[in-house]
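Undergrad: Handing you this structure, nothing more for now.
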There are 2 protein chains.
Amino acid sequence: MAEIKADVVVVGAGPAGMTAGLYAARERHKTIILDKYMPGGQINLTSRIENYPGIKQISGADLAMTLYEQVTSFGAEVKNGAEVLDLKHRDDGLVEVHTDDDVYLARVVVLCPGSDYRKLGVPGEDEFRASGGGVSYCGTCDAPFFRDKVVVAVGGGNVAVEEAMHLAKFCKKVTLVHRRDEFRAEKVLVEELLEETKKGVIEVRYDSIVTSINGNERVTGATLENVKTKAQEELPCDGVFIFVGMDPNTAFLKGLVDLDENGFVKCDPVYLRTSVPGVFVAGDCRANVAMQLATAMGDGVTCAVFMKEYLRNPDWWNKGR
Amino acid sequence: MAEIKADVVVVGAGPAGMTAGLYAARERHKTIILDKYMPGGQINLTSRIENYPGIKQISGADLAMTLYEQVTSFGAEVKNGAEVLDLKHRDDGLVEVHTDDDVYLARVVVLCPGSDYRKLGVPGEDEFRASGGGVSYCGTCDAPFFRDKVVVAVGGGNVAVEEAMHLAKFCKKVTLVHRRDEFRAEKVLVEELLEETKKGVIEVRYDSIVTSINGNERVTGATLENVKTKAQEELPCDGVFIFVGMDPNTAFLKGLVDLDENGFVKCDPVYLRTSVPGVFVAGDCRANVAMQLATAMGDGVTCAVFMKEYLRNPDWWNKGR
């Protein structure tokens with residue numbers, strides 16, 4: 001178990017983490033970025049991005065590769081397969097970060113483990129997501145790719161109801177599938193949705209679940225099951241949007257930094273300081289973020305810019321909150 | 001004077017504004033972006049950007065052009081030469097935006113007028129800035145381009161002192177020129193600076209001003225004048241960094257939305273809501289932003305994502321603050 005010193009240790013090599021690392025390394029800080037898996041994070045699963053400002057169209061994997069090249073060109077080191085197990089602020093002001101192989105001693109840590117979309121766990125889901133074949137978890141990102149198409153949406157909370165209405169601006173037909181007999185979403189939203197169904201674009205299927213997503217190269221349909229009658233039905237469609245929640249990848253942080261009731265890392269929204277001195281947070285794992293690529297990157301830059309204040313004066317950590 | 005209705009009116013076609021516009025237009029909102037001048041804002045004056053995540057190197061003008069093409073491809077309209085003179089929230093919930101030619105009626109307004117670096121106003125300053133010939137206003141952005149070079153830095157506040165030390169990590173020699181006989185910066189910073197000068201990289205010239213920036217294709221020197229003795233001196237250098245402050249372009253907003261004592265637009269840092277319902281703010285003109293390209297764009301996305309909450313329920317505007 002080696003002990004490795006660094007100025008900045010970033011946990012997570014997704015867009016937020018690589019951006020924080022890019023800025024930190026470019027400031028000549030010795031910067032190490034740790035990731036449990038490969039660099040790129042969630043964008044590796046996105047085949048087409050067209051809402052990232054400054055790049056008209058790019059695949060998630062290509063963007064991840066560019067970020068990786070950019071961050072390493074400034075001297076940051078990216079370590080794959082490095083799972084963080086423990087983290088603590090020491091009396092001497094350094095932050096200790098433990099992985100199964102090593103202990104890192106950092107002046108500043110930036111937490112960027114991201115969030116994962118909750119999955120249905122049905123046949124076809126992973127395949128058609130990875131191939132860009134018609135499974136998506138983000139209406140804001142992907143609805144415009146389904147102009148005049150027929151889609152199935154799944155879920156019963158605020159996001160599902162909002163995103164179904166959003167999809168209806170683009171799609172010919174949206175079938176919203178919900179496993180219960182009423183929505184969990186706010187009443188005002190549900191009323192708006194039911195009003196919208198009168199226009200004929202949105203249809204709601206209560207008491208129903210999707211049991212498989214079918215197709216060849218692309219999605220051609222979804223199998224629905226009524227949970228009460230067990231009747232099955234094959235619904236032809238061009239895409240399936242899954243809106244059943246997000247889980248921040250913060251289980252390893254429980255008891256180490258303050259999390260909110262949903263597991264998102266708590267921070268002050270201006271400087272992104274967590275409850276632990278020297279430990280910042282950026283991207284989709286933090287509370288109240290807009291969960292987009294550009295906001296994750298903005299967060300990464302914010303941490304890198306404001307860490308200077310902390311490095312100059314540790315008392316700054318609790319200033320103004 | 002035409003009356004033009006829109007869902008979203010964005011004031012300012014810099015990176016923050018074009019990003020807000022890109023997202024809004026992509027959500028099928030009728031979106032109009034107004035700019036006093038040309039699209040691009042401050043980045044038009046930057047010849048080389050290498051700290052924007054996902055793009056290894058690009059000129060500011062090229063990035064501005066890509067953003068413009070991207071935002072118009074989703075149907076947003078960009079109007080140049082449209083100076084905003086007045087803005088008010090009406091009783092019917094719409095926001096009226098006046099230019100000298102037209103009146104816009106918007107459901108949501110996003111303010112993105114940006115900030116301008118304060119200039120010295122000396123010969124050579126504008127020329128060498130626009131050409132990328134060696135005049136810069138941002139050490140974080142441009143210090144790495146001056147590796148092993150000789151530079152002059154100008155200013156006496158926190159930013160000047162910090163940036164001089166930052167430049168010293170890259171440059172062979174940094175001469176910090178300050179017009180007074182002591183720094184305005186915080187004591188702890190000044191002490192750190194004076195400690196640094198012992199290493200021989202940073203030298204301080206008190207009571208001095210830069211009266212011209214000289215060179216041909218690139219900067220080759222700066223003329224300094226001692227304000228007490230009036231003695232002039234030609235200092236050879238490869239670049240001049242000017243750190244004499246920033247002015248937000250918010251004069252037109254005085255009395256219309258709440259500004260802080262430095263003229264930056266006040267907002268809640270989570271959702272970027274200003275004091276006027278329906279009017280968001282994004283980018284360098286707002287208080288407490290990190291003043292980088294990626295943070296401006298992150299802000300633009302944040303406004304576009306959270307405007308949905310307001311459009312659904314206007315009472316959300318004052319929630320949680």
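Naming works like this for the structure tokens: A, B, ... for the chains as they're shown, residue 1 at the start of each chain, ligands 1 onward in shown order.
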Using DSSP assignments from the backbone, pull out every residue in segment 60-291 of chain A that falls under helix (DSSP H, G or I) and give it to me as a VMD selection string.
TA: chain A and resid 60 to 73 125 to 130 139 to 146 158 to 168 187 to 197 251 to 253
Undergrad: Let's see if you can do this: from backbone DSSP, list all strand (DSSP E or B) residues in segment 6-179 of chain A, as a PyMOL selection string.
TA: chain A and resi 6-11+31-34+49+58+77-79+84-89+95-99+102-111+115-117+135-136+150-154+173-177
Undergrad: Using only C-alpha atoms, determine which residues lie at most 12 Å from Glu186 of chain A, disregarding the query and same-chain residues fewer than 5 positions distant; provide the list as a list in words.
TA: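 Contacts, in chain order: Gly156, Gly157, Asn158, Val159, Ala160, Val161, Glu162, Glu191, Glu192 and Leu193 of chain A; Arg312 and Asn313 of chain B.
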Undergrad: Keeping only N, CA and C atoms, write the selected residues as an mmCIF file, in the first residue's frame.
TA:
```
data_model
loop_
_atom_site.group_PDB
_atom_site.id
_atom_site.type_symbol
_atom_site.label_atom_id
_atom_site.label_comp_id
_atom_site.auth_asym_id
_atom_site.auth_seq_id
_atom_site.Cartn_x
_atom_site.Cartn_y
_atom_site.Cartn_z
ATOM 1 N N GLY A 156 -43.807 7.377 -12.812
ATOM 2 C CA GLY A 156 -45.004 7.972 -12.231
ATOM 3 C C GLY A 156 -44.741 9.197 -11.373
ATOM 4 N N GLY A 157 -43.486 9.626 -11.312
ATOM 5 C CA GLY A 157 -43.143 10.797 -10.499
ATOM 6 C C GLY A 157 -43.168 12.075 -11.310
ATOM 7 N N ASN A 158 -42.729 13.173 -10.693
ATOM 8 C CA ASN A 158 -42.705 14.473 -11.373
ATOM 9 C C ASN A 158 -41.955 14.427 -12.690
ATOM 10 N N VAL A 159 -40.768 13.843 -12.647
ATOM 11 C CA VAL A 159 -39.933 13.844 -13.846
ATOM 12 C C VAL A 159 -40.623 13.093 -14.977
ATOM 13 N N ALA A 160 -41.207 11.951 -14.668
ATOM 14 C CA ALA A 160 -41.873 11.150 -15.700
ATOM 15 C C ALA A 160 -43.013 11.936 -16.338
ATOM 16 N N VAL A 161 -43.827 12.588 -15.514
ATOM 17 C CA VAL A 161 -44.980 13.325 -16.033
ATOM 18 C C VAL A 161 -44.517 14.534 -16.855
ATOM 19 N N GLU A 162 -43.536 15.254 -16.348
ATOM 20 C CA GLU A 162 -43.012 16.409 -17.085
ATOM 21 C C GLU A 162 -42.393 15.978 -18.406
ATOM 22 N N GLU A 191 -52.750 17.019 -13.314
ATOM 23 C CA GLU A 191 -53.896 17.657 -13.976
ATOM 24 C C GLU A 191 -53.516 18.146 -15.377
ATOM 25 N N GLU A 192 -52.322 18.739 -15.445
ATOM 26 C CA GLU A 192 -51.848 19.231 -16.733
ATOM 27 C C GLU A 192 -51.684 18.068 -17.719
ATOM 28 N N LEU A 193 -51.151 16.978 -17.217
ATOM 29 C CA LEU A 193 -50.959 15.794 -18.064
ATOM 30 C C LEU A 193 -52.302 15.273 -18.579
ATOM 31 N N ARG B 312 -44.310 26.369 -15.094
ATOM 32 C CA ARG B 312 -45.379 25.511 -14.595
ATOM 33 C C ARG B 312 -46.112 26.184 -13.445
ATOM 34 N N ASN B 313 -45.345 26.873 -12.605
ATOM 35 C CA ASN B 313 -45.935 27.450 -11.409
ATOM 36 C C ASN B 313 -45.195 28.728 -11.019
#
```
Undergrad: Pick the closest to Glu203 of chain A from A:Thr295, A:Thr175, A:Thr99, A:Thr223: which is it, counting only C-alpha atoms?
TA: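 Between A:Thr295, A:Thr175, A:Thr99, A:Thr223, the residue approaching Glu203 of chain A most closely is A:Thr175.
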Undergrad: So that I can check the surroundings of Pro277 of chain B, please list as a CSV table (one decimal) with N, CA, C and O atoms, in the first residue's frame every protein, DNA and RNA residue that reaches within 10 Å of it, counting only C-alpha atoms and ignoring chain neighbours fewer than 3 positions away.
TA:
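As a result, part23.csv now contains:
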```csv
chain,number,residue,atom,x,y,z
B,88,LYS,N,-39.6,45.3,-17.8
B,88,LYS,CA,-40.4,45.2,-16.6
B,88,LYS,C,-41.4,44.0,-16.6
B,88,LYS,O,-41.8,43.5,-17.7
B,89,HIS,N,-41.7,43.5,-15.4
B,89,HIS,CA,-42.6,42.4,-15.2
B,89,HIS,C,-44.0,43.0,-15.2
B,89,HIS,O,-44.3,43.9,-14.4
B,90,ARG,N,-44.9,42.5,-16.0
B,90,ARG,CA,-46.2,43.1,-16.1
B,90,ARG,C,-47.2,42.3,-15.2
B,90,ARG,O,-47.0,41.2,-14.8
B,93,GLY,N,-48.1,38.8,-16.0
B,93,GLY,CA,-47.0,37.8,-15.8
B,93,GLY,C,-46.0,37.8,-16.9
B,93,GLY,O,-44.9,37.1,-16.8
B,94,LEU,N,-46.2,38.5,-18.0
B,94,LEU,CA,-45.2,38.6,-19.1
B,94,LEU,C,-44.2,39.6,-18.7
B,94,LEU,O,-44.4,40.5,-17.9
B,95,VAL,N,-43.0,39.5,-19.3
B,95,VAL,CA,-41.9,40.5,-19.1
B,95,VAL,C,-41.8,41.3,-20.4
B,95,VAL,O,-41.6,40.7,-21.5
B,107,ARG,N,-42.3,35.3,-21.8
B,107,ARG,CA,-42.7,34.5,-20.6
B,107,ARG,C,-41.5,34.5,-19.7
B,107,ARG,O,-41.7,34.5,-18.4
B,108,VAL,N,-40.3,34.3,-20.2
B,108,VAL,CA,-39.1,34.3,-19.4
B,108,VAL,C,-38.0,35.1,-20.1
B,108,VAL,O,-37.9,35.1,-21.3
B,109,VAL,N,-37.2,35.8,-19.2
B,109,VAL,CA,-36.0,36.5,-19.7
B,109,VAL,C,-34.8,36.0,-19.1
B,109,VAL,O,-34.8,35.7,-17.9
B,257,VAL,N,-33.5,45.6,-12.0
B,257,VAL,CA,-33.3,44.4,-11.1
B,257,VAL,C,-32.3,44.7,-10.0
B,257,VAL,O,-31.6,45.7,-10.2
B,273,ARG,N,-32.3,32.9,-10.0
B,273,ARG,CA,-33.5,33.8,-10.1
B,273,ARG,C,-33.1,35.2,-9.6
B,273,ARG,O,-32.5,35.4,-8.5
B,274,THR,N,-33.4,36.3,-10.4
B,274,THR,CA,-33.2,37.6,-10.0
B,274,THR,C,-34.3,38.1,-9.1
B,274,THR,O,-35.2,37.3,-8.7
B,280,PHE,N,-34.2,35.5,-15.2
B,280,PHE,CA,-33.1,34.8,-14.7
B,280,PHE,C,-31.8,35.5,-15.1
B,280,PHE,O,-31.8,36.5,-15.9
B,310,TYR,N,-40.7,27.5,-13.2
B,310,TYR,CA,-41.4,28.8,-13.2
B,310,TYR,C,-42.6,28.8,-14.1
B,310,TYR,O,-43.7,29.2,-13.8
B,314,PRO,N,-45.7,29.9,-11.4
B,314,PRO,CA,-45.1,31.2,-11.1
B,314,PRO,C,-44.7,31.4,-9.6
B,314,PRO,O,-43.8,32.1,-9.3
B,315,ASP,N,-45.5,30.7,-8.7
B,315,ASP,CA,-45.2,30.9,-7.3
B,315,ASP,C,-43.9,30.3,-6.9
B,315,ASP,O,-43.3,30.6,-5.8
B,316,TRP,N,-43.4,29.4,-7.7
B,316,TRP,CA,-42.0,28.8,-7.5
B,316,TRP,C,-41.0,29.8,-7.4
B,316,TRP,O,-39.9,29.6,-6.7
B,317,TRP,N,-41.2,31.0,-8.0
B,317,TRP,CA,-40.2,32.0,-8.0
B,317,TRP,C,-39.5,32.4,-6.7
B,317,TRP,O,-38.3,32.6,-6.6
B,318,ASN,N,-40.4,32.4,-5.7
B,318,ASN,CA,-39.8,32.8,-4.4
B,318,ASN,C,-39.6,31.6,-3.4
B,318,ASN,O,-39.3,31.8,-2.3
```
Undergrad: Would you please work out which residue, of B:Val71, B:Leu235, B:Leu87, B:Ala13, is nearest to chain A when using only C-alpha atoms?
TA: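 Of all the options, B:Val71 lies closest to chain A.
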Undergrad: Could you tell me which of B:Lys30, B:Lys56, B:Lys230, B:Arg147 comes closest to chain A if we count only C-alpha atoms?
TA: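 Once distances to chain A are computed over only C-alpha atoms, the minimum belongs to B:Lys56.
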